[in-house]
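> Below you will find the structure I want to go over with you.
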Amino acid sequence: MPDPFRPTRPAGAYDDLLARVLPTARDQRVWQPSDGPMPAVFVSHGAPPTLDDPEWLADLNAWGRSMPKPRAIVVVSAHWENAPVAISSAVAGTPLFYDFGGFHPRYYTLEYATPDGTDLARRIAGTLGGRTPLHHHADRGLDHGAFIPLMAMFPAADVPVVQVSMPSLEPAALLALGQRLRALRDEGVLVMGSGFMTHSFAVMRDPDLARHTAAFDEWAADALDRGDVDALSDYVAKGPGARVAHPTADHFVPLLLTMGAASSVGAGSTITPIDRSRFGNSTRSIQVV
């Protein structure tokens with residue numbers, strides 16, 4: 001069986017995806033006010049091996065194609081915690097932040113050169129800066145929690161993207177941040193939390209632990225179906241197998257950002273575009289109206 005961490009053709013599945021979809025990607029219909037607010041989404045983003053998984057890439061691309069092309073994207077990733085809240089560079093073509101190690105050199109040459117996002121950065125600052133100090137990291141590009149899923153969802157790289165830091169790892173803080181970003185959706189901005197529905201390296205070493213990640217995923221799916229934000233916020237106490245599924249909070253709490261940015265939560269408000277297992281972990285990804 002091929003080793004996903006030592007592919008014979010690094011990012012080859014991504015190259016194949018681009019060859020197939022890039023000719024028409026720029027023609028995707030752009031959001032209009034008559035479409036109503038853009039959705040809020042949570043994506044299980046994966047690491048560089050995502051770019052070697054044709055099924056995962058196809059799922060991400062189909063998801064991106066299922067919605068109008070956003071006018072802009074704001075991402076909160078598991079891989080950037082900074083207080084006070086900070087935003088990334090908004091300059092066109094800012095180099096990516098390759099925040100991973102031990103992979104094939106090809107992954108450190110990947111590009112995702114998005115257009116100028118100055119207007120989006122200004123709107124984010126206006127939305128967040130009135131009550132909270134806001135720092136602008138002028139040299140920080142998108143990290144892999146942002147650029148890897150977006151490379152597949154919107155492969156033409158023709159949508160401005162700005163990343164916002166997590167102010168802390170407290171679920172309440174992410175929920176509040178999402179609530180403050182919610183109004184941007186009315187302007188055609190896609191609000192994205194990027195993490196992983198379960199994030200356990202232990203299960204990769206010991207497959208017997210997969211029963212814990214599976215139990216947690218089933219619990220989270222049920223809580224999402226019911227719109228039970230209180231349960232999701234208290235996931236450590238209420239989620240079965242939480243200590244295995246999420247030994248640290250960073251990959252789960254971006255889900256609360258998404259729930260905060262949603263217009264409403266409850267039965268029928270959430271759809272699940274991606275629901276698979278990779279390396280013993282759940283790649284469940286959601287979209288909320």
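In the structure tokens, chains take letters A, B, ... by order of appearance, with residues numbered from 1 within each chain and ligands from 1 in the order shown.
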Against stretch 141-152 of chain A, which residues of stretch 17-119 of chain A fall within 6 Å? For each one I want the closest pair of atoms and the distance in Å (one decimal), counting only C-alpha atoms, rows by chain and increasing residue number, as a Markdown table.

| residue | atom | partner | partner_atom | distance |
| --- | --- | --- | --- | --- |
| A:His45 | CA | A:Pro149 | CA | 5.5 |
| A:Leu57 | CA | A:Ala152 | CA | 5.8 |
| A:Leu60 | CA | A:Ala152 | CA | 5.8 |
| A:Asn61 | CA | A:Ala152 | CA | 5.1 |
| A:Ser77 | CA | A:Gly145 | CA | 5.3 |
| A:Ser89 | CA | A:Gly141 | CA | 5.9 |
| A:Thr94 | CA | A:Gly141 | CA | 5.6 |
| A:Pro95 | CA | A:Gly141 | CA | 5.6 |
| A:Leu96 | CA | A:Gly141 | CA | 4.7 |
| A:Phe97 | CA | A:Asp143 | CA | 4.7 |
> Can you tell me, as an MDAnalysis selection string, which residues in stretch 141-245 of chain A count as strand (DSSP E) by DSSP?
chainID A and resid 161:166 189:195
> Just list as a PyMOL selection string whatever in stretch 110-273 of chain A DSSP marks as alpha helix (DSSP H).
chain A and resi 118-128+144-153+171-181+202-205+210-226+229-233+235-238+242-245+254-261
> A:Trp31, A:Val164, A:Gly36, A:Leu17: which is nearest A:Ala86, counting only C-alpha atoms?
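When distances to A:Ala86 are compared using only C-alpha atoms, the smallest one comes from A:Val164.
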> At a cut-off of 10 Å, using only C-alpha atoms, what residues contact A:Trp56? Leave out same-chain residues fewer than 6 positions from it and give the result as a PyMOL selection string.
chain A and resi 13+45-46+50+62+149+152+274-276+278+283
> Just N, CA, C and O atoms for this one: save the residues we selected as a compact mmCIF listing (two decimals), in the first residue's frame.

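Once written, result_9.txt looks like this:
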# COMPACT_ATOMS: atom_id res chain seq x y z
N ALA A 13 -2.06 14.37 -7.24
CA ALA A 13 -3.52 14.40 -7.34
C ALA A 13 -4.01 15.84 -7.51
O ALA A 13 -4.99 16.09 -8.23
N HIS A 45 -9.24 20.46 7.29
CA HIS A 45 -8.38 20.91 6.20
C HIS A 45 -7.28 19.93 5.79
O HIS A 45 -6.82 19.96 4.67
N GLY A 46 -6.81 19.09 6.70
CA GLY A 46 -5.75 18.18 6.32
C GLY A 46 -4.41 18.88 6.15
O GLY A 46 -4.30 20.10 6.13
N THR A 50 -3.21 15.80 1.87
CA THR A 50 -4.51 16.06 1.24
C THR A 50 -4.34 16.23 -0.27
O THR A 50 -5.21 15.82 -1.06
N ALA A 62 -15.94 19.98 -5.40
CA ALA A 62 -17.39 19.94 -5.62
C ALA A 62 -18.11 20.84 -4.62
O ALA A 62 -19.11 21.49 -4.97
N PRO A 149 -7.14 23.73 1.83
CA PRO A 149 -8.50 23.50 1.35
C PRO A 149 -8.92 24.47 0.25
O PRO A 149 -9.63 24.07 -0.69
N ALA A 152 -8.17 23.65 -3.42
CA ALA A 152 -9.09 22.72 -4.08
C ALA A 152 -10.47 23.33 -4.26
O ALA A 152 -11.12 23.12 -5.29
N ILE A 274 -18.79 16.90 3.32
CA ILE A 274 -17.71 15.91 3.37
C ILE A 274 -17.84 15.12 4.67
O ILE A 274 -17.95 15.70 5.75
N ASP A 275 -17.83 13.81 4.55
CA ASP A 275 -17.96 12.94 5.72
C ASP A 275 -17.21 11.64 5.44
O ASP A 275 -17.79 10.66 4.99
N ARG A 276 -15.92 11.68 5.67
CA ARG A 276 -15.09 10.51 5.43
C ARG A 276 -14.12 10.35 6.59
O ARG A 276 -14.03 11.21 7.48
N ARG A 278 -10.01 9.61 7.47
CA ARG A 278 -8.64 9.56 6.97
C ARG A 278 -7.69 9.40 8.15
O ARG A 278 -7.76 10.17 9.11
N THR A 283 -13.01 13.60 8.71
CA THR A 283 -12.87 14.79 7.91
C THR A 283 -14.21 15.52 7.76
O THR A 283 -14.38 16.33 6.84
> Using only C-alpha atoms for the distances, tell me which of A:Glu55, A:Trp219, A:Ser263, A:Tyr98 is nearest to A:Val191.
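Residue with the minimum atom-to-atom distance to A:Val191: A:Ser263.
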> Could you please determine the separation between atom CA of A:Val41 and atom CA of A:Arg123 in Å, to one decimal place?
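Computed distance, atom CA of A:Val41 to atom CA of A:Arg123, equals 19.4 Å.
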> Work out how far atom CA of A:Leu110 is from atom CA of A:Val75, in Å to one decimal.
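Rounded to one decimal, the two atoms are 18.8 Å apart.
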> Using only C-alpha atoms, which of the listed residues (A:Phe279, A:Thr272, A:Asp139, A:Met259) sits closest to A:Phe201?
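Going through A:Phe279, A:Thr272, A:Asp139, A:Met259 one by one, the smallest distance to A:Phe201 is for A:Phe279.
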> At what distance in Å, to one decimal, does atom CA of A:Phe42 lie from atom CA of A:Pro54?
20.2 Å
> Set the distance at 10 Å and use only C-alpha atoms: which residues neighbour A:Tyr107 once local chain neighbours fewer than 5 positions away are removed? I'd like the list as a VMD selection string.
chain A and resid 10 to 11 48 to 49 51 98 100 to 101
> Which one of A:Ile124, A:Ser277, A:Val159, A:Tyr235 sits closest to A:Val203 if you count only C-alpha atoms?
A:Ser277
> Measuring between only C-alpha atoms, which one of A:Ala125, A:Val265, A:Leu257, A:Ala58 shows the shortest distance to A:Phe154?
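With only C-alpha atoms as the atom set, the closest residue is A:Ala58.
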> Pick from A:Pro155, A:Val85, A:Arg71, A:His79: nearest to A:Arg26, with only C-alpha atoms counted?
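Among the listed residues, A:Pro155 lies closest to A:Arg26.
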